[in-house]
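Written below as structure tokens is the structure these notes are about.
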Amino acid sequence: MAFCGRCGTQVADGVAFCPNCGASIGVPTAAPVGAPVAAAPITSGLQENVAGLLCYSLGFITGILFLLIDKRPFVRFHAAQSIVVFGGLFLIRVVLGFGFMGTGYYAFWGLLSMLIGLITIVLWIVLMVQAYQGKRFEVPIVAGIAKSIAGNPSL
């Protein structure tokens, strides 16, 4: 195994650039004597704020993907919150749709569906902007569930 000459990160053989700092890996160097070798966290390769934004991009689908591939607490929280918020809104629309089926209240269902759609769009925009700004915006009630899904209730 080689080590980066700039930051000391252990890199695999045959790698041209350090995955941590991006420095060119020319000649393999030995690890500095007594230097601890830190394992890099498993990430998606994106900056935290960009990964947080992308957790919301396709609703609960991207939330599930980022929850599985990224281990950073900030990203995991936003991924879990995306799953709970948009998965919950999706389930509400489906359940209400089946509940109104065959009742003759199609106009009421249409208005209710539009209201849920408006709430979904507003939350989608607000949550993406907050995540991109690096903020941990917590949706009331949902945030507690998201923290437990993310694996760290003390976030």
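Residues in the structure tokens are numbered from 1 in each chain, the chains being A, B, ... in the order shown, and ligands are numbered from 1 in the order shown.
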
Within 10 Å of Pro19 of chain A, counting only C-alpha atoms, which residues qualify if same-chain residues fewer than 6 places away don't, as a list in words?
Cys4, Thr9, Gln10, Val11, Ala12, Ala40 and Gly45 of chain A

Report as a PyMOL selection string all protein, DNA and RNA residues lying within 9 Å of Ala16 of chain A, evaluated on only C-alpha atoms, omitting residues in the same chain fewer than 3 positions from it.
chain A and resi 13+23-26

Using the chain letters and numbers from this document, which residues of chain A does DSSP assign to alpha helix (DSSP H), as JSON, numbers by chain?
{"A": [48, 49, 50, 51, 52, 53, 54, 55, 56, 57, 60, 61, 62, 63, 64, 65, 66, 67, 68, 69, 73, 74, 75, 76, 77, 78, 79, 80, 81, 82, 83, 84, 85, 86, 87, 88, 89, 90, 91, 92, 93, 94, 95, 96, 97, 98, 99, 100, 106, 107, 108, 109, 110, 111, 112, 113, 114, 115, 116, 117, 118, 119, 120, 121, 122, 123, 124, 125, 126, 127, 128, 129, 130, 131, 132, 142, 143, 144, 145, 146, 147, 148, 149, 150]}

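Distances here use only C-alpha atoms; by that measure, the residue among A:Cys7, A:Cys18, A:Leu53, A:Ile92 closest to Arg136 of chain A is A:Leu53.
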
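The space separating atom CA of Gly97 of chain A from atom CA of Val139 of chain A comes to 24.7 Å.
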
Can you tell me how far atom CA of Phe98 of chain A sits from atom CA of Leu118 of chain A, in Å to one decimal?
20.0 Å

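Residue nearest Arg93 of chain A, chosen from A:Leu115, A:Ile121, A:Ala2, A:Leu67 and counting only C-alpha atoms: A:Leu115.
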
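Reported to one decimal place, the separation of atom CA of Ser113 of chain A from atom CA of Met101 of chain A is 13.0 Å.
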
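Distances here use only C-alpha atoms; by that measure, the residue among A:Leu112, A:Leu46, A:Ala107, A:Ile61 closest to Phe86 of chain A is A:Ile61.
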
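DSSP, applied to the backbone of this structure, assigns strand (DSSP E or B) to the following residues of chain A: Ala2, Phe3, Gln10, Val11, Phe17, Ser24 and Thr29 of chain A.
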